[in-house]
Amino acid sequence: MTAQAPTSASTLAYDTYRAIWRWHFYAGLIAVPFMILLAVTGSLYLFRDEIDETIFSHRNVVAEQASPMLAPSRLAEAARSAVPGSRLTAYREPSGPQASARISLETDDGPVYAFVDPYDGRVLGSVAKSAEFNEVVRQLHSLAFFGPYANRLIEAIAGFAIILVVSGFYLWWPRRQSGGVLTVRGTPAKRVFWRDTHAVTGAVAGLLIAFLALSGLPWSSVWGGQLTRIAVATGTGYPAALWDEVPTSGEHAEHAMETVGWTMESSPMPTSSGAMAQGGSMEPISLDRAVAIAREKGLAPRFEVSVPAAETGVYTAAIFPDDLDAVRTIHIDQYSGEPLVDVRYADYGSTAKLTELGINIHMGQEFGLANQLLMLATCLAIVLSSVSALVMWLKRRPSGRLGVPPYPASRRVYGSLWAMAVVFGVLFPLSGILMVAMLAFDLLLVRNVPILRRIFA
């Protein structure tokens, strides 16, 4: 959202404009490729259910039949037979009469999903979890494919997106210009067309772009981890009191459950004590009984039951649907079948509720199709704003140089910039580190090394 500073502005205002424009340029240069990746993968993930029901309907959609569905154990056994040497880890209930059941299996080569017709037990297909389409999209969206450090880069970029929105609003703010505020001047052959497209798109969608960046941060390692610690410490996350009378293991739900929401991933896993209560003579309940308990407790369709991996483990029935009021997690003693912990969205603390609402909107779930289309429009705005910025830069860039906006004439404004860097660094630590590195590179190297000064001019 760059614009030329008006010649009638005061010297300080002009210098501030040039400094923020230069800062905005650097941030965009770093963030634009990742912003496009996030927007494209995010757009796909918004319609994951629709993609499953169309492109991958061969394994997700079945013909409704008058006969009753088979028992979960029968479906799980069919899946295990189709994937020899596998171990059952979770069973996902069909979402309706025309949906398959998804069986999660562990193999020597990693997790596998098998999709089974619930009426006749036919295995409709299987795919490694790492190769399942929506999982691939999700992993690309977070750069998790490339390891934890790449994922932290995305966290830094999310903070940069907020910086771009804030600095972009400053640069867009009307300064007596006749166009480029809410209208686009010129034709695609002219730079002003791309400048106005970039500015207007950013101005209209800026708050939504910032919302997407902020609501995606709870899943990040540093920022999200700190938010989790704050929520737990203040009692505004998951309702820890529900575990007070329950023996727990050192394992957390994040590692024991097939699917888990943000609030519950840090919660401890209970342990089954039914066997010890009877001198170790009790037999574990079956998967069928665990699923029946979940149904009796009223979990919404498409709930998933994670099976215990050890003798002291528990069955966990969980559902994280579009409707937050239906979110629920129940830990079940694998011997007695007694629900040990039963957590609903209504039980969450204030921080958890607000965070989950933001995540739900971010993922296009909260308000149905309208939510999906609004988030899709925001993703398209990110792509349009990014592409227009690149075209605008290429049209302005001198041959053989980067064409970085000029330094301010006075260095007085840099004190304010460093102060802003510190504030952003506190709010978004990884973004702050990258920002400090960027400013240090610009002020200490580009400004003082002739060859760099020439290239970046």
# chains A, B, ... in the order shown; residues from 1 in each chain; ligands from 1
>>> select_by_dssp(residues="stretch 201-296 of chain A", states="alpha helix (DSSP H)", output="ChimeraX atom specification")
/A:201-216,222-234,253-256,274-277,287-296
>>> write_last_selection(atoms="N, CA and C atoms", output="compact mmCIF listing (two decimals), in the first residue's frame")
# COMPACT_ATOMS: atom_id res chain seq x y z
N THR A 201 -6.94 -2.59 -2.31
CA THR A 201 -7.18 -3.96 -1.83
C THR A 201 -6.74 -4.09 -0.38
N GLY A 202 -5.56 -3.57 -0.07
CA GLY A 202 -5.07 -3.65 1.30
C GLY A 202 -5.93 -2.87 2.28
N ALA A 203 -6.41 -1.71 1.84
CA ALA A 203 -7.23 -0.88 2.72
C ALA A 203 -8.58 -1.55 3.02
N VAL A 204 -9.18 -2.13 1.99
CA VAL A 204 -10.49 -2.75 2.16
C VAL A 204 -10.40 -4.05 2.97
N ALA A 205 -9.35 -4.84 2.71
CA ALA A 205 -9.25 -6.16 3.35
C ALA A 205 -8.25 -6.20 4.50
N GLY A 206 -7.63 -5.07 4.82
CA GLY A 206 -6.54 -5.06 5.80
C GLY A 206 -6.90 -5.64 7.15
N LEU A 207 -8.05 -5.26 7.69
CA LEU A 207 -8.42 -5.76 9.01
C LEU A 207 -8.66 -7.27 8.99
N LEU A 208 -9.24 -7.76 7.91
CA LEU A 208 -9.46 -9.21 7.79
C LEU A 208 -8.15 -9.96 7.63
N ILE A 209 -7.20 -9.36 6.89
CA ILE A 209 -5.88 -9.98 6.75
C ILE A 209 -5.19 -10.06 8.10
N ALA A 210 -5.27 -8.97 8.87
CA ALA A 210 -4.68 -8.97 10.21
C ALA A 210 -5.36 -10.00 11.10
N PHE A 211 -6.68 -10.13 10.97
CA PHE A 211 -7.41 -11.14 11.76
C PHE A 211 -6.94 -12.55 11.41
N LEU A 212 -6.78 -12.84 10.12
CA LEU A 212 -6.31 -14.16 9.72
C LEU A 212 -4.94 -14.46 10.31
N ALA A 213 -4.05 -13.45 10.27
CA ALA A 213 -2.71 -13.64 10.81
C ALA A 213 -2.76 -13.88 12.32
N LEU A 214 -3.53 -13.08 13.02
CA LEU A 214 -3.59 -13.18 14.48
C LEU A 214 -4.28 -14.47 14.93
N SER A 215 -5.37 -14.85 14.26
CA SER A 215 -6.11 -16.05 14.68
C SER A 215 -5.39 -17.33 14.30
N GLY A 216 -4.37 -17.24 13.42
CA GLY A 216 -3.58 -18.42 13.10
C GLY A 216 -2.41 -18.63 14.05
N VAL A 222 6.13 -20.66 19.35
CA VAL A 222 6.55 -19.70 20.38
C VAL A 222 5.37 -18.87 20.87
N TRP A 223 4.72 -18.15 19.98
CA TRP A 223 3.60 -17.29 20.36
C TRP A 223 2.46 -18.14 20.91
N GLY A 224 2.12 -19.21 20.19
CA GLY A 224 1.03 -20.07 20.63
C GLY A 224 1.35 -20.77 21.93
N GLY A 225 2.61 -21.20 22.08
CA GLY A 225 3.01 -21.85 23.32
C GLY A 225 2.89 -20.92 24.50
N GLN A 226 3.26 -19.66 24.29
CA GLN A 226 3.16 -18.69 25.38
C GLN A 226 1.70 -18.41 25.73
N LEU A 227 0.84 -18.35 24.70
CA LEU A 227 -0.59 -18.14 24.96
C LEU A 227 -1.16 -19.30 25.76
N THR A 228 -0.75 -20.51 25.42
CA THR A 228 -1.20 -21.69 26.16
C THR A 228 -0.77 -21.61 27.62
N ARG A 229 0.48 -21.24 27.86
CA ARG A 229 0.98 -21.14 29.23
C ARG A 229 0.21 -20.07 30.02
N ILE A 230 -0.10 -18.96 29.37
CA ILE A 230 -0.85 -17.90 30.04
C ILE A 230 -2.26 -18.39 30.38
N ALA A 231 -2.89 -19.08 29.42
CA ALA A 231 -4.25 -19.58 29.65
C ALA A 231 -4.29 -20.58 30.80
N VAL A 232 -3.30 -21.48 30.86
CA VAL A 232 -3.24 -22.48 31.92
C VAL A 232 -2.96 -21.81 33.26
N ALA A 233 -2.01 -20.87 33.27
CA ALA A 233 -1.62 -20.22 34.52
C ALA A 233 -2.74 -19.37 35.11
N THR A 234 -3.55 -18.78 34.23
CA THR A 234 -4.63 -17.90 34.71
C THR A 234 -5.96 -18.63 34.88
N ALA A 253 -2.73 -34.65 25.64
CA ALA A 253 -3.70 -35.01 24.60
C ALA A 253 -3.14 -34.81 23.20
N GLU A 254 -2.29 -33.83 23.04
CA GLU A 254 -1.70 -33.53 21.73
C GLU A 254 -1.04 -34.75 21.12
N HIS A 255 -0.45 -35.61 21.96
CA HIS A 255 0.28 -36.77 21.47
C HIS A 255 -0.53 -38.07 21.55
N ALA A 256 -1.61 -38.07 22.30
CA ALA A 256 -2.38 -39.31 22.51
C ALA A 256 -3.63 -39.38 21.66
N GLY A 274 -9.38 -48.94 36.45
CA GLY A 274 -10.37 -50.00 36.67
C GLY A 274 -9.74 -51.35 36.94
N ALA A 275 -8.64 -51.66 36.25
CA ALA A 275 -8.00 -52.97 36.41
C ALA A 275 -7.43 -53.13 37.81
N MET A 276 -6.76 -52.11 38.31
CA MET A 276 -6.16 -52.19 39.64
C MET A 276 -7.21 -52.27 40.73
N ALA A 277 -8.36 -51.64 40.47
CA ALA A 277 -9.43 -51.66 41.47
C ALA A 277 -9.98 -53.07 41.68
N LEU A 287 -13.98 -51.72 21.58
CA LEU A 287 -14.18 -50.49 20.82
C LEU A 287 -15.66 -50.22 20.64
N ASP A 288 -16.44 -51.29 20.40
CA ASP A 288 -17.89 -51.12 20.22
C ASP A 288 -18.52 -50.49 21.45
N ARG A 289 -18.09 -50.93 22.63
CA ARG A 289 -18.67 -50.39 23.86
C ARG A 289 -18.25 -48.94 24.04
N ALA A 290 -16.99 -48.62 23.73
CA ALA A 290 -16.52 -47.23 23.86
C ALA A 290 -17.30 -46.31 22.92
N VAL A 291 -17.54 -46.76 21.70
CA VAL A 291 -18.32 -45.96 20.75
C VAL A 291 -19.76 -45.82 21.23
N ALA A 292 -20.31 -46.89 21.77
CA ALA A 292 -21.68 -46.84 22.29
C ALA A 292 -21.80 -45.84 23.44
N ILE A 293 -20.79 -45.79 24.30
CA ILE A 293 -20.79 -44.83 25.41
C ILE A 293 -20.79 -43.40 24.86
N ALA A 294 -19.97 -43.16 23.84
CA ALA A 294 -19.92 -41.83 23.22
C ALA A 294 -21.28 -41.46 22.64
N ARG A 295 -21.94 -42.42 21.99
CA ARG A 295 -23.27 -42.16 21.45
C ARG A 295 -24.26 -41.87 22.55
N GLU A 296 -24.20 -42.66 23.62
CA GLU A 296 -25.12 -42.48 24.75
C GLU A 296 -24.94 -41.11 25.39
>>> residues_around(residues="A:Gln365", least_positions_apart="4", cutoff="12 Å", atoms="only C-alpha atoms", output="VMD selection string")
chain A and resid 45 to 49 320 to 324 356 to 361 369 to 375
>>> write_last_selection(atoms="N, CA and C atoms", output="mmCIF file, in the first residue's frame")
data_model
loop_
_atom_site.group_PDB
_atom_site.id
_atom_site.type_symbol
_atom_site.label_atom_id
_atom_site.label_comp_id
_atom_site.auth_asym_id
_atom_site.auth_seq_id
_atom_site.Cartn_x
_atom_site.Cartn_y
_atom_site.Cartn_z
ATOM 1 N N TYR A 45 -7.934 -25.268 2.110
ATOM 2 C CA TYR A 45 -8.328 -25.914 3.368
ATOM 3 C C TYR A 45 -9.706 -25.454 3.838
ATOM 4 N N LEU A 46 -10.127 -24.261 3.429
ATOM 5 C CA LEU A 46 -11.465 -23.795 3.782
ATOM 6 C C LEU A 46 -12.539 -24.748 3.267
ATOM 7 N N PHE A 47 -12.254 -25.401 2.140
ATOM 8 C CA PHE A 47 -13.246 -26.253 1.492
ATOM 9 C C PHE A 47 -12.828 -27.721 1.543
ATOM 10 N N ARG A 48 -12.195 -28.102 2.656
ATOM 11 C CA ARG A 48 -11.698 -29.472 2.781
ATOM 12 C C ARG A 48 -12.823 -30.502 2.729
ATOM 13 N N ASP A 49 -13.955 -30.213 3.370
ATOM 14 C CA ASP A 49 -15.067 -31.170 3.345
ATOM 15 C C ASP A 49 -15.638 -31.293 1.935
ATOM 16 N N PHE A 320 -14.773 -31.992 17.281
ATOM 17 C CA PHE A 320 -14.473 -30.555 17.167
ATOM 18 C C PHE A 320 -15.152 -30.039 15.900
ATOM 19 N N PRO A 321 -16.485 -29.920 15.940
ATOM 20 C CA PRO A 321 -17.264 -29.597 14.741
ATOM 21 C C PRO A 321 -17.341 -28.104 14.466
ATOM 22 N N ASP A 322 -18.084 -27.748 13.408
ATOM 23 C CA ASP A 322 -18.266 -26.338 13.067
ATOM 24 C C ASP A 322 -18.964 -25.588 14.193
ATOM 25 N N ASP A 323 -19.934 -26.224 14.813
ATOM 26 C CA ASP A 323 -20.693 -25.624 15.905
ATOM 27 C C ASP A 323 -19.900 -25.760 17.207
ATOM 28 N N LEU A 324 -19.380 -24.654 17.707
ATOM 29 C CA LEU A 324 -18.561 -24.705 18.913
ATOM 30 C C LEU A 324 -19.324 -25.275 20.114
ATOM 31 N N GLU A 356 -10.687 -20.200 20.513
ATOM 32 C CA GLU A 356 -11.366 -21.195 19.686
ATOM 33 C C GLU A 356 -12.334 -20.537 18.703
ATOM 34 N N LEU A 357 -12.979 -19.462 19.123
ATOM 35 C CA LEU A 357 -13.871 -18.734 18.211
ATOM 36 C C LEU A 357 -13.064 -18.160 17.050
ATOM 37 N N GLY A 358 -11.916 -17.551 17.365
ATOM 38 C CA GLY A 358 -11.071 -17.002 16.313
ATOM 39 C C GLY A 358 -10.598 -18.081 15.353
ATOM 40 N N ILE A 359 -10.191 -19.224 15.894
ATOM 41 C CA ILE A 359 -9.732 -20.339 15.059
ATOM 42 C C ILE A 359 -10.872 -20.847 14.178
ATOM 43 N N ASN A 360 -12.064 -20.954 14.764
ATOM 44 C CA ASN A 360 -13.210 -21.456 14.002
ATOM 45 C C ASN A 360 -13.535 -20.545 12.819
ATOM 46 N N ILE A 361 -13.484 -19.239 13.046
ATOM 47 C CA ILE A 361 -13.736 -18.290 11.957
ATOM 48 C C ILE A 361 -12.599 -18.371 10.943
ATOM 49 N N LEU A 369 -21.394 -21.275 5.012
ATOM 50 C CA LEU A 369 -20.858 -20.877 3.711
ATOM 51 C C LEU A 369 -20.422 -19.413 3.699
ATOM 52 N N ALA A 370 -21.167 -18.556 4.399
ATOM 53 C CA ALA A 370 -20.803 -17.127 4.438
ATOM 54 C C ALA A 370 -19.403 -16.953 5.020
ATOM 55 N N ASN A 371 -19.088 -17.709 6.063
ATOM 56 C CA ASN A 371 -17.762 -17.658 6.681
ATOM 57 C C ASN A 371 -16.691 -18.134 5.694
ATOM 58 N N GLN A 372 -16.972 -19.230 4.995
ATOM 59 C CA GLN A 372 -16.019 -19.745 4.011
ATOM 60 C C GLN A 372 -15.751 -18.708 2.920
ATOM 61 N N LEU A 373 -16.810 -18.094 2.406
ATOM 62 C CA LEU A 373 -16.650 -17.137 1.309
ATOM 63 C C LEU A 373 -15.930 -15.875 1.767
ATOM 64 N N LEU A 374 -16.194 -15.440 2.997
ATOM 65 C CA LEU A 374 -15.508 -14.253 3.514
ATOM 66 C C LEU A 374 -14.016 -14.519 3.658
ATOM 67 N N MET A 375 -13.656 -15.679 4.212
ATOM 68 C CA MET A 375 -12.249 -16.016 4.356
ATOM 69 C C MET A 375 -11.590 -16.255 2.993
#
>>> closest_residue(among="A:Val32, A:Ala440, A:Ala76, A:Ala99", to="A:Asn60", atoms="only C-alpha atoms")
A:Ala99
>>> residues_around(residues="A:Leu376", least_positions_apart="4", cutoff="9 Å", atoms="only C-alpha atoms", output="ChimeraX atom specification")
/A:39,42-44,46,364,371-372,380-381
>>> write_last_selection(atoms="C-alpha atoms", output="PDB file, in the first residue's frame")
ATOM      1  CA  ALA A  39      -3.444 -17.681   0.975  1.00  0.00           C
ATOM      2  CA  GLY A  42      -5.676 -21.605   3.226  1.00  0.00           C
ATOM      3  CA  SER A  43      -8.224 -21.232   0.415  1.00  0.00           C
ATOM      4  CA  LEU A  44      -8.038 -24.956  -0.292  1.00  0.00           C
ATOM      5  CA  LEU A  46     -11.465 -23.795   3.782  1.00  0.00           C
ATOM      6  CA  GLY A 364     -14.300 -21.002   7.787  1.00  0.00           C
ATOM      7  CA  ASN A 371     -17.762 -17.658   6.681  1.00  0.00           C
ATOM      8  CA  GLN A 372     -16.019 -19.745   4.011  1.00  0.00           C
ATOM      9  CA  LEU A 380      -7.840 -13.750  -2.722  1.00  0.00           C
ATOM     10  CA  ALA A 381      -7.229 -10.196  -1.489  1.00  0.00           C
TER      11      ALA A 381
END
>>> residues_around(residues="A:Ile157", least_positions_apart="4", cutoff="7 Å", atoms="only C-alpha atoms", output="PyMOL selection string")
chain A and resi 31+153+161+431
>>> write_last_selection(atoms="C-alpha atoms", output="mmCIF file, in the first residue's frame")
data_model
loop_
_atom_site.group_PDB
_atom_site.id
_atom_site.type_symbol
_atom_site.label_atom_id
_atom_site.label_comp_id
_atom_site.auth_asym_id
_atom_site.auth_seq_id
_atom_site.Cartn_x
_atom_site.Cartn_y
_atom_site.Cartn_z
ATOM 1 C CA ALA A 31 6.742 -11.858 3.395
ATOM 2 C CA LEU A 153 9.414 -18.849 9.968
ATOM 3 C CA ALA A 161 1.529 -9.569 7.947
ATOM 4 C CA SER A 431 8.726 -11.334 14.068
#
>>> atom_distance(atom1="atom CA of A:Val62", atom2="atom CA of A:Gln139")
27.8 Å
>>> closest_residue(among="A:Glu258, A:Glu311, A:Asp52, A:Asp117", to="A:Ala79", atoms="only C-alpha atoms")
A:Asp117
>>> closest_residue(among="A:Leu37, A:Tyr14, A:Ser104, A:Ala421", to="A:Met438", atoms="only C-alpha atoms")
A:Ala421
>>> select_by_dssp(residues="stretch 52-249 of chain A", states="strand (DSSP E or B)", output="PyMOL selection string")
chain A and resi 61+87-92+99+101-107+110-116+123-128+248-249
>>> residues_around(residues="A:Thr312", least_positions_apart="6", cutoff="9 Å", atoms="only C-alpha atoms", output="JSON list (two decimals) with N, CA and C atoms, in the first residue's frame")
[["chain", "number", "residue", "atom", "x", "y", "z"],
["A", 249, "SER", "N", -1.38, -39.33, 33.54],
["A", 249, "SER", "CA", -0.05, -39.74, 33.12],
["A", 249, "SER", "C", 0.75, -38.50, 32.76],
["A", 270, "PRO", "N", -5.77, -38.77, 31.31],
["A", 270, "PRO", "CA", -6.04, -39.59, 32.50],
["A", 270, "PRO", "C", -5.52, -41.01, 32.30],
["A", 271, "THR", "N", -5.47, -41.75, 33.38],
["A", 271, "THR", "CA", -5.10, -43.17, 33.30],
["A", 271, "THR", "C", -6.27, -44.02, 33.76],
["A", 272, "SER", "N", -6.35, -45.21, 33.19],
["A", 272, "SER", "CA", -7.41, -46.14, 33.57],
["A", 272, "SER", "C", -7.01, -46.86, 34.85],
["A", 273, "SER", "N", -7.86, -46.81, 35.83],
["A", 273, "SER", "CA", -7.56, -47.46, 37.11],
["A", 273, "SER", "C", -8.48, -48.64, 37.40],
["A", 275, "ALA", "N", -8.64, -51.66, 36.25],
["A", 275, "ALA", "CA", -8.00, -52.97, 36.41],
["A", 275, "ALA", "C", -7.43, -53.13, 37.81],
["A", 333, "ASP", "N", -12.47, -44.69, 30.99],
["A", 333, "ASP", "CA", -11.66, -45.77, 31.56],
["A", 333, "ASP", "C", -11.82, -47.01, 30.69],
["A", 334, "GLN", "N", -10.70, -47.57, 30.23],
["A", 334, "GLN", "CA", -10.79, -48.67, 29.29],
["A", 334, "GLN", "C", -11.26, -49.98, 29.93]]
>>> residues_around(residues="A:Leu164", least_positions_apart="3", cutoff="10 Å", atoms="only C-alpha atoms", output="ChimeraX atom specification")
/A:1,20,23-28,31,158-161,167-170,202,206,209-210
>>> write_last_selection(atoms="N, CA and C atoms", output="mmCIF file, in the first residue's frame")
data_model
loop_
_atom_site.group_PDB
_atom_site.id
_atom_site.type_symbol
_atom_site.label_atom_id
_atom_site.label_comp_id
_atom_site.auth_asym_id
_atom_site.auth_seq_id
_atom_site.Cartn_x
_atom_site.Cartn_y
_atom_site.Cartn_z
ATOM 1 N N MET A 1 0.834 -1.192 0.000
ATOM 2 C CA MET A 1 0.000 0.000 0.000
ATOM 3 C C MET A 1 0.870 1.243 0.000
ATOM 4 N N ILE A 20 8.743 4.676 6.880
ATOM 5 C CA ILE A 20 7.745 3.608 6.963
ATOM 6 C C ILE A 20 7.578 2.930 5.603
ATOM 7 N N TRP A 23 10.398 0.560 5.330
ATOM 8 C CA TRP A 23 10.136 -0.558 6.231
ATOM 9 C C TRP A 23 9.078 -1.475 5.631
ATOM 10 N N HIS A 24 8.016 -0.882 5.109
ATOM 11 C CA HIS A 24 6.940 -1.637 4.475
ATOM 12 C C HIS A 24 7.479 -2.437 3.287
ATOM 13 N N PHE A 25 8.368 -1.832 2.523
ATOM 14 C CA PHE A 25 8.950 -2.504 1.367
ATOM 15 C C PHE A 25 9.755 -3.730 1.789
ATOM 16 N N TYR A 26 10.634 -3.552 2.768
ATOM 17 C CA TYR A 26 11.449 -4.676 3.243
ATOM 18 C C TYR A 26 10.575 -5.810 3.782
ATOM 19 N N ALA A 27 9.576 -5.447 4.582
ATOM 20 C CA ALA A 27 8.694 -6.471 5.152
ATOM 21 C C ALA A 27 7.966 -7.225 4.044
ATOM 22 N N GLY A 28 7.498 -6.488 3.036
ATOM 23 C CA GLY A 28 6.819 -7.125 1.918
ATOM 24 C C GLY A 28 7.732 -8.007 1.105
ATOM 25 N N ALA A 31 7.973 -11.141 3.076
ATOM 26 C CA ALA A 31 6.742 -11.858 3.395
ATOM 27 C C ALA A 31 5.927 -12.298 2.189
ATOM 28 N N ALA A 158 3.601 -14.342 9.959
ATOM 29 C CA ALA A 158 2.276 -13.931 10.431
ATOM 30 C C ALA A 158 2.361 -12.593 11.146
ATOM 31 N N GLY A 159 3.404 -12.439 11.967
ATOM 32 C CA GLY A 159 3.614 -11.144 12.620
ATOM 33 C C GLY A 159 3.910 -10.056 11.609
ATOM 34 N N PHE A 160 4.688 -10.390 10.572
ATOM 35 C CA PHE A 160 4.997 -9.422 9.524
ATOM 36 C C PHE A 160 3.733 -8.993 8.781
ATOM 37 N N ALA A 161 2.782 -9.914 8.619
ATOM 38 C CA ALA A 161 1.529 -9.569 7.947
ATOM 39 C C ALA A 161 0.811 -8.460 8.704
ATOM 40 N N SER A 167 1.442 -0.626 8.727
ATOM 41 C CA SER A 167 2.225 0.346 7.946
ATOM 42 C C SER A 167 1.519 0.684 6.649
ATOM 43 N N GLY A 168 0.818 -0.312 6.069
ATOM 44 C CA GLY A 168 0.086 -0.060 4.827
ATOM 45 C C GLY A 168 -1.041 0.936 5.015
ATOM 46 N N PHE A 169 -1.757 0.848 6.123
ATOM 47 C CA PHE A 169 -2.811 1.821 6.394
ATOM 48 C C PHE A 169 -2.226 3.236 6.495
ATOM 49 N N TYR A 170 -1.061 3.338 7.121
ATOM 50 C CA TYR A 170 -0.420 4.652 7.239
ATOM 51 C C TYR A 170 -0.082 5.208 5.851
ATOM 52 N N GLY A 202 -5.558 -3.573 -0.067
ATOM 53 C CA GLY A 202 -5.070 -3.645 1.302
ATOM 54 C C GLY A 202 -5.932 -2.868 2.276
ATOM 55 N N GLY A 206 -7.629 -5.065 4.817
ATOM 56 C CA GLY A 206 -6.543 -5.055 5.797
ATOM 57 C C GLY A 206 -6.899 -5.642 7.147
ATOM 58 N N ILE A 209 -7.201 -9.356 6.894
ATOM 59 C CA ILE A 209 -5.879 -9.977 6.747
ATOM 60 C C ILE A 209 -5.190 -10.058 8.102
ATOM 61 N N ALA A 210 -5.272 -8.969 8.868
ATOM 62 C CA ALA A 210 -4.676 -8.972 10.205
ATOM 63 C C ALA A 210 -5.364 -9.998 11.103
#
>>> residues_around(residues="A:Thr11", least_positions_apart="6", cutoff="10 Å", atoms="only C-alpha atoms", output="PDB file with C-alpha atoms, in the first residue's frame")
ATOM      1  CA  TYR A  17       6.556   8.553   5.498  1.00  0.00           C
ATOM      2  CA  PRO A 408      14.566   9.618   5.104  1.00  0.00           C
ATOM      3  CA  ALA A 409      16.657  12.776   4.990  1.00  0.00           C
ATOM      4  CA  SER A 410      16.755  12.969   8.786  1.00  0.00           C
TER       5      SER A 410
END
>>> atom_distance(atom1="atom CA of A:Arg102", atom2="atom CA of A:Ala131")
15.2 Å
>>> closest_atom_pairs(of="stretch 192-299 of chain A", to="stretch 179-188 of chain A", cutoff="10 Å", atoms="only C-alpha atoms", output="tab-separated table")
residue	atom	partner	partner_atom	distance
A:Val192	CA	A:Gly186	CA	6.3
A:Phe193	CA	A:Gly186	CA	5.0
A:Trp194	CA	A:Pro188	CA	6.8
A:Arg195	CA	A:Gly180	CA	7.6
A:Asp196	CA	A:Gly180	CA	4.5
A:Thr197	CA	A:Val184	CA	6.0
A:His198	CA	A:Gly180	CA	9.0
A:Ala199	CA	A:Gly180	CA	6.7
A:Val200	CA	A:Leu182	CA	5.5
A:Thr201	CA	A:Leu182	CA	8.7
A:Ala203	CA	A:Val181	CA	8.2
A:Val204	CA	A:Leu182	CA	8.3
>>> write_last_selection(atoms="N, CA and C atoms", output="PDB file, in the first residue's frame")
ATOM      1  N   VAL A 192       0.645   3.238 -11.867  1.00  0.00           N
ATOM      2  CA  VAL A 192      -0.342   3.766 -10.929  1.00  0.00           C
ATOM      3  C   VAL A 192      -1.518   2.804 -10.777  1.00  0.00           C
ATOM      4  N   PHE A 193      -1.829   2.060 -11.828  1.00  0.00           N
ATOM      5  CA  PHE A 193      -2.915   1.077 -11.737  1.00  0.00           C
ATOM      6  C   PHE A 193      -2.593   0.019 -10.684  1.00  0.00           C
ATOM      7  N   TRP A 194      -1.372  -0.475 -10.699  1.00  0.00           N
ATOM      8  CA  TRP A 194      -0.981  -1.516  -9.749  1.00  0.00           C
ATOM      9  C   TRP A 194      -0.787  -0.938  -8.353  1.00  0.00           C
ATOM     10  N   ARG A 195      -0.308   0.315  -8.297  1.00  0.00           N
ATOM     11  CA  ARG A 195      -0.180   0.969  -6.996  1.00  0.00           C
ATOM     12  C   ARG A 195      -1.552   1.114  -6.345  1.00  0.00           C
ATOM     13  N   ASP A 196      -2.549   1.584  -7.123  1.00  0.00           N
ATOM     14  CA  ASP A 196      -3.888   1.778  -6.580  1.00  0.00           C
ATOM     15  C   ASP A 196      -4.559   0.440  -6.249  1.00  0.00           C
ATOM     16  N   THR A 197      -4.359  -0.565  -7.105  1.00  0.00           N
ATOM     17  CA  THR A 197      -4.917  -1.895  -6.834  1.00  0.00           C
ATOM     18  C   THR A 197      -4.381  -2.435  -5.512  1.00  0.00           C
ATOM     19  N   HIS A 198      -3.073  -2.279  -5.325  1.00  0.00           N
ATOM     20  CA  HIS A 198      -2.435  -2.731  -4.089  1.00  0.00           C
ATOM     21  C   HIS A 198      -2.982  -1.967  -2.883  1.00  0.00           C
ATOM     22  N   ALA A 199      -3.047  -0.645  -3.006  1.00  0.00           N
ATOM     23  CA  ALA A 199      -3.467   0.185  -1.876  1.00  0.00           C
ATOM     24  C   ALA A 199      -4.931  -0.037  -1.519  1.00  0.00           C
ATOM     25  N   VAL A 200      -5.794  -0.028  -2.519  1.00  0.00           N
ATOM     26  CA  VAL A 200      -7.231  -0.170  -2.263  1.00  0.00           C
ATOM     27  C   VAL A 200      -7.553  -1.565  -1.723  1.00  0.00           C
ATOM     28  N   THR A 201      -6.939  -2.595  -2.313  1.00  0.00           N
ATOM     29  CA  THR A 201      -7.175  -3.957  -1.832  1.00  0.00           C
ATOM     30  C   THR A 201      -6.744  -4.093  -0.375  1.00  0.00           C
ATOM     31  N   ALA A 203      -6.414  -1.708   1.837  1.00  0.00           N
ATOM     32  CA  ALA A 203      -7.233  -0.885   2.724  1.00  0.00           C
ATOM     33  C   ALA A 203      -8.576  -1.546   3.019  1.00  0.00           C
ATOM     34  N   VAL A 204      -9.181  -2.132   1.991  1.00  0.00           N
ATOM     35  CA  VAL A 204     -10.494  -2.755   2.159  1.00  0.00           C
ATOM     36  C   VAL A 204     -10.399  -4.046   2.975  1.00  0.00           C
TER      37      VAL A 204
END
>>> closest_residue(among="A:Thr89, A:Ser221, A:Ser178, A:Thr248", to="A:Gly147", atoms="only C-alpha atoms")
A:Ser221
>>> closest_residue(among="A:Ala457, A:Met420, A:Ile433, A:Ala309", to="A:Ala156", atoms="only C-alpha atoms")
A:Ile433
>>> closest_residue(among="A:Ser126, A:Ser10, A:Gln98, A:Asn151", to="A:Pro111", atoms="only C-alpha atoms")
A:Ser126
>>> atom_distance(atom1="atom CA of A:Ser86", atom2="atom CA of A:Glu304")
18.5 Å
